[in-house]
Amino acid sequence: MDTYFKIYKSDDNYKRFDEDKLQQAWYVMNLIRHFEEKSIDVYKKGLMGGSLHSYIGQEAVATGVCMNFDVQDQITISYRGRGQALAKGADPFYLFAEMLGKVDGCSKGKGGPMHIASRKNGILGANGIVGGGIPHAVGAALTAKYRKTNQVAGTFFGDGATNQGAFHESLNLAAVLKLPVIFICENNLYAEMTPIRNSVLNEDLAERGLAYRIPSVVVDGNNVIDVFEATKEAIERARKGLGPTFIEAKTYRLEGHMYGDPETYRTAEEVKERRKEEPLLKFKELCMTKNLLSEEKMIQIQNKAKDEIEKAYLRAEKSKQPEMEEIFTDVY
Ligand SMILES: Cc1ncc(C[n+]2csc(CCOP(=O)(O)OP(=O)(O)O)c2C)c(N)n1
Ligand SMILES: [Mg+2]
């Protein structure tokens, strides 16, 4: 049986990351962070509709995973999925335009922050239904296998989603049919206002993958290099026809479940403690202590990411509102 349960450690993984990869990881994590910060600013001003679920604190997962995907590989994401969309190459302009309800939005401004998609970038779509994207990714993997396209599918979901029936059906089918799909569980310790300790007895969710005989890996989700390495191996297995992998990325969401969440279910001290381990800080410390990138270079990359986000937002602001007649199109 080729099933294993593994815990990735960070000690010397960084030695396998060349300067290009270090810069890319830093850039993408900053792109996501600025995008999310900008979104909160804009949302606060009442310029965006729908609900806004921040990805701040989880940037290393999207970045480390998606750095391994090719453009034609396909992913599904959740209502918190703008980070993964950016990491998969989506243009921030189309995302902002969508969130502002403009015609240039990736869903023509009709979906809002929870409905990001981009066929061109292999982003099959976000889902407001918890766990809803998991079977879609399994379907994409089945199609890829049937058509022999060599594509891999990835699906991002939370700890809470692993209690959904669709999650279990998807894992079982993917295991039995040996499908090229990577299950990426972002265990941020909360499902809305419910702490994980109140909903499951075994908090090591990777063991749920093992129950279906899927090789399963626990990784520090705040360490972009570890996430990258774990995914690299998973994708290699998938492309060789060896079937799915389950990756549990242990992370933490630094903002409320959604904008306006009073966060009465956790203490400010807990969040403050967790902030010391947040992924951008962690990466910066690693680069400084191991002399991987100069501080000057890191600041330059940060500014470049911020600049790209600001420009994308200004362009999106200028995009038009949809015409009234549009209300009857794309409706099923
Ligand atoms: C089927 C379904 N049940 C309940 C909800 C309400 N709901 C929205 S987000 C959420 C929590 C999901 O938690 P988790 O899977 O850990 O993802 P996270 O929000 O932490 O990223 C719930 C219960 C929903 N959207 N869909
Ligand atoms: Mg969660």
# chains A, B, ... in the order shown; residues from 1 in each chain; ligands from 1
>>> residues_near_ligand(ligand="ligand 2", cutoff="8 Å", atoms="only C-alpha atoms and all ligand atoms", output="PyMOL selection string")
chain A and resi 158-161+186-192+196+253
>>> residues_near_ligand(ligand="ligand 1", cutoff="10 Å", atoms="only C-alpha atoms and all ligand atoms", output="PyMOL selection string")
chain A and resi 53-55+58+77-81+127-132+156-166+185-196+251-253+256-258
>>> residues_around(residues="Thr149 in chain A", least_positions_apart="3", cutoff="12 Å", atoms="only C-alpha atoms", output="MDAnalysis selection string")
chainID A and resid 72:74 140:146 152:153 180 239 241
>>> closest_residue(among="A:Gly49, A:Tyr27, A:Phe69, A:Leu100", to="Lys318 in chain A", atoms="only C-alpha atoms")
A:Leu100
>>> residues_around(residues="Val103 in chain A", least_positions_apart="2", cutoff="9 Å", atoms="only C-alpha atoms", output="list in words")
Ala97, Glu98, Gly101, Gly105, Cys106, Ser107, Lys108, Gly109, Lys110, Ser319, Lys320, Gln321, Pro322 and Glu323 of chain A
>>> write_last_selection(atoms="C-alpha atoms", output="PDB file, in the first residue's frame")
ATOM      1  CA  ALA A  97     -14.211  44.950 -11.147  1.00  0.00           C
ATOM      2  CA  GLU A  98     -16.277  41.935 -10.081  1.00  0.00           C
ATOM      3  CA  GLY A 101     -20.220  45.127  -9.638  1.00  0.00           C
ATOM      4  CA  GLY A 105     -15.701  41.802 -13.636  1.00  0.00           C
ATOM      5  CA  CYS A 106     -14.834  38.130 -14.104  1.00  0.00           C
ATOM      6  CA  SER A 107     -18.545  37.286 -13.657  1.00  0.00           C
ATOM      7  CA  LYS A 108     -19.686  40.495 -15.417  1.00  0.00           C
ATOM      8  CA  GLY A 109     -20.169  42.155 -12.039  1.00  0.00           C
ATOM      9  CA  LYS A 110     -23.063  39.874 -11.118  1.00  0.00           C
ATOM     10  CA  SER A 319     -15.156  50.326 -15.485  1.00  0.00           C
ATOM     11  CA  LYS A 320     -18.897  50.809 -16.223  1.00  0.00           C
ATOM     12  CA  GLN A 321     -21.915  49.500 -14.362  1.00  0.00           C
ATOM     13  CA  PRO A 322     -23.800  46.826 -16.369  1.00  0.00           C
ATOM     14  CA  GLU A 323     -26.743  48.003 -18.505  1.00  0.00           C
TER      15      GLU A 323
END
>>> residues_around(residues="Glu59 in chain A", least_positions_apart="3", cutoff="8 Å", atoms="only C-alpha atoms", output="JSON, numbers by chain")
{"A": [29, 32, 33, 55, 56, 62, 63, 83, 222, 279, 280]}
>>> write_last_selection(atoms="N, CA and C atoms", output="CSV table (one decimal), in the first residue's frame")
chain,number,residue,atom,x,y,z
A,29,MET,N,2.8,36.6,-2.3
A,29,MET,CA,2.2,36.7,-1.0
A,29,MET,C,1.9,38.2,-0.7
A,32,ILE,N,-1.3,39.3,-2.7
A,32,ILE,CA,-2.5,38.9,-2.1
A,32,ILE,C,-2.8,39.7,-0.8
A,33,ARG,N,-1.8,40.0,0.0
A,33,ARG,CA,-1.9,40.8,1.2
A,33,ARG,C,-2.5,42.2,0.8
A,55,TYR,N,-8.7,36.8,3.4
A,55,TYR,CA,-7.7,35.7,3.3
A,55,TYR,C,-6.4,36.0,4.1
A,56,ILE,N,-6.4,37.2,4.7
A,56,ILE,CA,-5.2,37.6,5.4
A,56,ILE,C,-4.8,36.6,6.5
A,62,ALA,N,-2.1,29.5,-0.6
A,62,ALA,CA,-2.4,29.8,-2.0
A,62,ALA,C,-1.1,29.9,-2.8
A,63,THR,N,-0.1,30.6,-2.3
A,63,THR,CA,1.1,30.9,-3.0
A,63,THR,C,1.9,29.6,-3.2
A,83,GLY,N,-7.4,35.0,-2.9
A,83,GLY,CA,-5.9,34.8,-2.8
A,83,GLY,C,-5.5,33.7,-3.7
A,222,ASN,N,1.8,28.3,7.2
A,222,ASN,CA,2.3,29.6,7.2
A,222,ASN,C,3.7,29.6,6.7
A,279,PRO,N,2.4,34.4,7.9
A,279,PRO,CA,3.3,33.9,6.8
A,279,PRO,C,4.3,34.9,6.2
A,280,LEU,N,3.9,36.2,6.1
A,280,LEU,CA,4.8,37.1,5.4
A,280,LEU,C,6.0,37.5,6.4
>>> closest_residue(among="A:Glu273, A:Glu37, A:Asp20, A:Asp91", to="Glu308 in chain A", atoms="only C-alpha atoms")
A:Asp91
>>> select_by_dssp(residues="range 190-295 of chain A", states="alpha helix (DSSP H)", output="MDAnalysis selection string")
chainID A and resid 206:210 224:239 268:275 279:289 295
>>> write_last_selection(atoms="N, CA and C atoms", output="CSV table (one decimal), in the first residue's frame")
chain,number,residue,atom,x,y,z
A,206,ALA,N,-5.7,15.7,8.3
A,206,ALA,CA,-5.1,14.9,7.2
A,206,ALA,C,-5.4,13.4,7.4
A,207,GLU,N,-5.7,13.0,8.7
A,207,GLU,CA,-6.1,11.6,8.9
A,207,GLU,C,-7.4,11.2,8.2
A,208,ARG,N,-8.2,12.2,7.9
A,208,ARG,CA,-9.4,11.9,7.1
A,208,ARG,C,-9.1,11.4,5.7
A,209,GLY,N,-8.0,11.9,5.2
A,209,GLY,CA,-7.5,11.5,3.9
A,209,GLY,C,-7.1,10.0,3.9
A,210,LEU,N,-6.3,9.7,5.0
A,210,LEU,CA,-5.8,8.3,5.2
A,210,LEU,C,-7.0,7.3,5.3
A,224,VAL,N,5.6,29.1,3.4
A,224,VAL,CA,5.4,29.0,1.9
A,224,VAL,C,6.3,27.9,1.3
A,225,ILE,N,7.5,27.7,1.8
A,225,ILE,CA,8.4,26.8,1.2
A,225,ILE,C,7.9,25.4,1.5
A,226,ASP,N,7.5,25.1,2.7
A,226,ASP,CA,7.0,23.8,3.0
A,226,ASP,C,5.7,23.5,2.2
A,227,VAL,N,4.9,24.4,2.1
A,227,VAL,CA,3.6,24.2,1.3
A,227,VAL,C,4.0,23.9,-0.1
A,228,PHE,N,5.0,24.6,-0.7
A,228,PHE,CA,5.5,24.4,-2.0
A,228,PHE,C,6.0,23.0,-2.2
A,229,GLU,N,6.8,22.5,-1.3
A,229,GLU,CA,7.5,21.2,-1.4
A,229,GLU,C,6.4,20.1,-1.3
A,230,ALA,N,5.5,20.3,-0.4
A,230,ALA,CA,4.5,19.2,-0.2
A,230,ALA,C,3.6,19.1,-1.5
A,231,THR,N,3.3,20.3,-2.1
A,231,THR,CA,2.5,20.2,-3.3
A,231,THR,C,3.2,19.7,-4.5
A,232,LYS,N,4.5,20.0,-4.5
A,232,LYS,CA,5.3,19.6,-5.7
A,232,LYS,C,5.3,18.0,-5.8
A,233,GLU,N,5.5,17.4,-4.6
A,233,GLU,CA,5.4,15.9,-4.6
A,233,GLU,C,4.0,15.4,-5.0
A,234,ALA,N,3.0,16.1,-4.5
A,234,ALA,CA,1.6,15.7,-4.8
A,234,ALA,C,1.3,15.8,-6.3
A,235,ILE,N,1.8,16.8,-6.9
A,235,ILE,CA,1.5,17.0,-8.3
A,235,ILE,C,2.3,16.0,-9.1
A,236,GLU,N,3.5,15.7,-8.7
A,236,GLU,CA,4.3,14.7,-9.4
A,236,GLU,C,3.6,13.4,-9.4
A,237,ARG,N,3.1,13.0,-8.2
A,237,ARG,CA,2.3,11.7,-8.1
A,237,ARG,C,1.1,11.7,-9.0
A,238,ALA,N,0.4,12.9,-9.0
A,238,ALA,CA,-0.8,13.0,-9.8
A,238,ALA,C,-0.5,12.8,-11.3
A,239,ARG,N,0.5,13.5,-11.7
A,239,ARG,CA,0.9,13.4,-13.2
A,239,ARG,C,1.4,12.0,-13.6
A,268,ALA,N,-8.5,38.7,21.8
A,268,ALA,CA,-7.6,39.5,21.1
A,268,ALA,C,-6.2,39.0,21.3
A,269,GLU,N,-5.9,38.5,22.5
A,269,GLU,CA,-4.6,38.0,22.8
A,269,GLU,C,-4.2,36.8,21.9
A,270,GLU,N,-5.2,35.9,21.7
A,270,GLU,CA,-4.9,34.8,20.8
A,270,GLU,C,-4.5,35.3,19.4
A,271,VAL,N,-5.2,36.2,18.9
A,271,VAL,CA,-4.9,36.7,17.6
A,271,VAL,C,-3.5,37.4,17.6
A,272,LYS,N,-3.2,38.2,18.6
A,272,LYS,CA,-1.9,38.8,18.7
A,272,LYS,C,-0.8,37.8,18.7
A,273,GLU,N,-1.0,36.8,19.5
A,273,GLU,CA,0.1,35.7,19.5
A,273,GLU,C,0.3,35.1,18.1
A,274,ARG,N,-0.8,34.8,17.5
A,274,ARG,CA,-0.8,34.2,16.1
A,274,ARG,C,-0.2,35.1,15.1
A,275,ARG,N,-0.3,36.4,15.3
A,275,ARG,CA,0.2,37.3,14.3
A,275,ARG,C,1.8,37.2,14.3
A,279,PRO,N,2.4,34.4,7.9
A,279,PRO,CA,3.3,33.9,6.8
A,279,PRO,C,4.3,34.9,6.2
A,280,LEU,N,3.9,36.2,6.1
A,280,LEU,CA,4.8,37.1,5.4
A,280,LEU,C,6.0,37.5,6.4
A,281,LEU,N,5.6,37.6,7.7
A,281,LEU,CA,6.6,37.9,8.7
A,281,LEU,C,7.6,36.7,8.8
A,282,LYS,N,7.0,35.5,8.8
A,282,LYS,CA,7.8,34.3,8.9
A,282,LYS,C,8.8,34.2,7.7
A,283,PHE,N,8.3,34.5,6.5
A,283,PHE,CA,9.2,34.4,5.3
A,283,PHE,C,10.3,35.5,5.4
A,284,LYS,N,9.9,36.7,5.8
A,284,LYS,CA,10.9,37.7,5.9
A,284,LYS,C,12.0,37.4,6.9
A,285,GLU,N,11.6,36.9,8.0
A,285,GLU,CA,12.6,36.5,9.0
A,285,GLU,C,13.5,35.4,8.5
A,286,LEU,N,13.0,34.4,7.7
A,286,LEU,CA,13.8,33.4,7.2
A,286,LEU,C,14.8,34.0,6.2
A,287,CYS,N,14.3,34.9,5.3
A,287,CYS,CA,15.2,35.5,4.3
A,287,CYS,C,16.3,36.3,4.9
A,288,MET,N,16.0,37.0,6.0
A,288,MET,CA,17.0,37.8,6.7
A,288,MET,C,18.0,36.9,7.5
A,289,THR,N,17.5,36.0,8.2
A,289,THR,CA,18.4,35.2,9.1
A,289,THR,C,19.3,34.3,8.2
A,295,GLU,N,17.2,43.1,2.3
A,295,GLU,CA,16.1,43.8,2.8
A,295,GLU,C,15.6,44.8,1.7
>>> residues_around(residues="range 112-118 of chain A", least_positions_apart="4", cutoff="6 Å", atoms="only C-alpha atoms", output="NGL selection string")
:A and (79 or 98-99 or 123-126)
>>> select_by_dssp(residues="range 193-236 of chain A", states="strand (DSSP E or B)", output="number ranges by chain")
A: 194-195, 216-220
>>> decode(residues="range 37-84 of chain A", atoms="N, CA and C atoms", output="short mmCIF file (atom, residue, chain, number, x, y, z; two decimals), in the first residue's frame")
data_model
loop_
_atom_site.label_atom_id
_atom_site.label_comp_id
_atom_site.auth_asym_id
_atom_site.auth_seq_id
_atom_site.Cartn_x
_atom_site.Cartn_y
_atom_site.Cartn_z
N GLU A 37 -6.07 43.81 1.78
CA GLU A 37 -6.14 45.04 2.59
C GLU A 37 -6.93 46.12 1.85
N LYS A 38 -6.66 46.22 0.56
CA LYS A 38 -7.37 47.22 -0.25
C LYS A 38 -8.88 46.89 -0.26
N SER A 39 -9.19 45.61 -0.39
CA SER A 39 -10.60 45.20 -0.43
C SER A 39 -11.32 45.61 0.85
N ILE A 40 -10.67 45.42 1.99
CA ILE A 40 -11.30 45.80 3.27
C ILE A 40 -11.54 47.31 3.29
N ASP A 41 -10.56 48.09 2.86
CA ASP A 41 -10.71 49.57 2.82
C ASP A 41 -11.92 49.97 1.98
N VAL A 42 -12.01 49.35 0.82
CA VAL A 42 -13.08 49.71 -0.12
C VAL A 42 -14.44 49.25 0.43
N TYR A 43 -14.46 48.06 1.00
CA TYR A 43 -15.70 47.50 1.55
C TYR A 43 -16.24 48.40 2.66
N LYS A 44 -15.31 48.85 3.51
CA LYS A 44 -15.68 49.73 4.62
C LYS A 44 -16.40 50.99 4.14
N LYS A 45 -16.00 51.44 2.96
CA LYS A 45 -16.60 52.66 2.42
C LYS A 45 -17.97 52.39 1.77
N GLY A 46 -18.39 51.15 1.78
CA GLY A 46 -19.70 50.80 1.23
C GLY A 46 -19.73 50.73 -0.29
N LEU A 47 -18.54 50.57 -0.90
CA LEU A 47 -18.49 50.56 -2.37
C LEU A 47 -18.63 49.15 -2.97
N MET A 48 -18.64 48.15 -2.10
CA MET A 48 -18.74 46.77 -2.59
C MET A 48 -19.98 46.10 -2.04
N GLY A 49 -20.61 45.27 -2.87
CA GLY A 49 -21.78 44.54 -2.37
C GLY A 49 -21.36 43.19 -1.82
N GLY A 50 -22.32 42.41 -1.36
CA GLY A 50 -22.04 41.06 -0.87
C GLY A 50 -21.28 41.04 0.43
N SER A 51 -20.72 39.87 0.77
CA SER A 51 -19.95 39.73 2.01
C SER A 51 -18.48 39.59 1.66
N LEU A 52 -17.64 40.05 2.55
CA LEU A 52 -16.19 39.98 2.30
C LEU A 52 -15.52 39.10 3.34
N HIS A 53 -14.96 37.98 2.88
CA HIS A 53 -14.26 37.02 3.76
C HIS A 53 -12.77 37.15 3.50
N SER A 54 -12.05 37.68 4.46
CA SER A 54 -10.64 37.99 4.24
C SER A 54 -9.74 36.74 4.25
N TYR A 55 -8.71 36.79 3.42
CA TYR A 55 -7.74 35.68 3.32
C TYR A 55 -6.45 36.04 4.07
N ILE A 56 -6.45 37.18 4.75
CA ILE A 56 -5.22 37.63 5.42
C ILE A 56 -4.79 36.62 6.49
N GLY A 57 -3.53 36.19 6.38
CA GLY A 57 -2.99 35.20 7.32
C GLY A 57 -2.77 33.84 6.64
N GLN A 58 -3.43 33.63 5.50
CA GLN A 58 -3.36 32.32 4.84
C GLN A 58 -2.62 32.38 3.49
N GLU A 59 -1.95 33.50 3.23
CA GLU A 59 -1.35 33.74 1.91
C GLU A 59 -0.35 32.67 1.47
N ALA A 60 0.36 32.07 2.45
CA ALA A 60 1.39 31.09 2.08
C ALA A 60 0.79 29.83 1.47
N VAL A 61 -0.46 29.53 1.82
CA VAL A 61 -1.06 28.31 1.28
C VAL A 61 -1.31 28.48 -0.22
N ALA A 62 -2.06 29.53 -0.56
CA ALA A 62 -2.36 29.77 -1.98
C ALA A 62 -1.07 29.88 -2.79
N THR A 63 -0.11 30.62 -2.26
CA THR A 63 1.13 30.87 -2.99
C THR A 63 1.94 29.58 -3.19
N GLY A 64 2.19 28.88 -2.09
CA GLY A 64 3.01 27.66 -2.16
C GLY A 64 2.38 26.60 -3.04
N VAL A 65 1.07 26.48 -2.99
CA VAL A 65 0.40 25.47 -3.82
C VAL A 65 0.45 25.89 -5.28
N CYS A 66 -0.03 27.12 -5.56
CA CYS A 66 -0.22 27.52 -6.97
C CYS A 66 1.09 27.73 -7.73
N MET A 67 2.20 27.97 -7.01
CA MET A 67 3.48 28.08 -7.70
C MET A 67 3.82 26.79 -8.45
N ASN A 68 3.16 25.70 -8.07
CA ASN A 68 3.41 24.41 -8.71
C ASN A 68 2.50 24.12 -9.89
N PHE A 69 1.40 24.82 -9.99
CA PHE A 69 0.43 24.51 -11.04
C PHE A 69 0.82 25.14 -12.37
N ASP A 70 0.49 24.46 -13.47
CA ASP A 70 0.58 25.06 -14.79
C ASP A 70 -0.73 25.78 -15.05
N VAL A 71 -0.72 26.67 -16.05
CA VAL A 71 -1.92 27.44 -16.37
C VAL A 71 -3.11 26.53 -16.65
N GLN A 72 -2.87 25.41 -17.36
CA GLN A 72 -4.00 24.55 -17.74
C GLN A 72 -4.52 23.68 -16.59
N ASP A 73 -3.79 23.61 -15.48
CA ASP A 73 -4.30 22.87 -14.32
C ASP A 73 -5.50 23.66 -13.77
N GLN A 74 -6.43 22.94 -13.16
CA GLN A 74 -7.68 23.60 -12.77
C GLN A 74 -7.91 23.56 -11.27
N ILE A 75 -8.42 24.67 -10.75
CA ILE A 75 -8.67 24.71 -9.31
C ILE A 75 -10.11 25.15 -9.01
N THR A 76 -10.58 24.74 -7.84
CA THR A 76 -11.83 25.31 -7.32
C THR A 76 -11.51 25.97 -5.99
N ILE A 77 -12.26 27.02 -5.71
CA ILE A 77 -11.97 27.85 -4.52
C ILE A 77 -13.28 28.15 -3.78
N SER A 78 -13.15 28.83 -2.65
CA SER A 78 -14.36 29.14 -1.88
C SER A 78 -14.60 30.65 -1.89
N TYR A 79 -15.59 31.06 -1.10
CA TYR A 79 -15.90 32.48 -0.91
C TYR A 79 -14.68 33.26 -0.41
N ARG A 80 -13.66 32.56 0.14
CA ARG A 80 -12.45 33.22 0.65
C ARG A 80 -11.35 33.15 -0.42
N GLY A 81 -11.71 32.91 -1.67
CA GLY A 81 -10.74 32.44 -2.66
C GLY A 81 -10.02 33.44 -3.54
N ARG A 82 -10.07 34.71 -3.24
CA ARG A 82 -9.37 35.65 -4.13
C ARG A 82 -7.86 35.46 -4.05
N GLY A 83 -7.37 35.03 -2.90
CA GLY A 83 -5.93 34.78 -2.75
C GLY A 83 -5.46 33.69 -3.70
N GLN A 84 -6.22 32.60 -3.74
CA GLN A 84 -5.82 31.49 -4.62
C GLN A 84 -5.96 31.91 -6.09
#
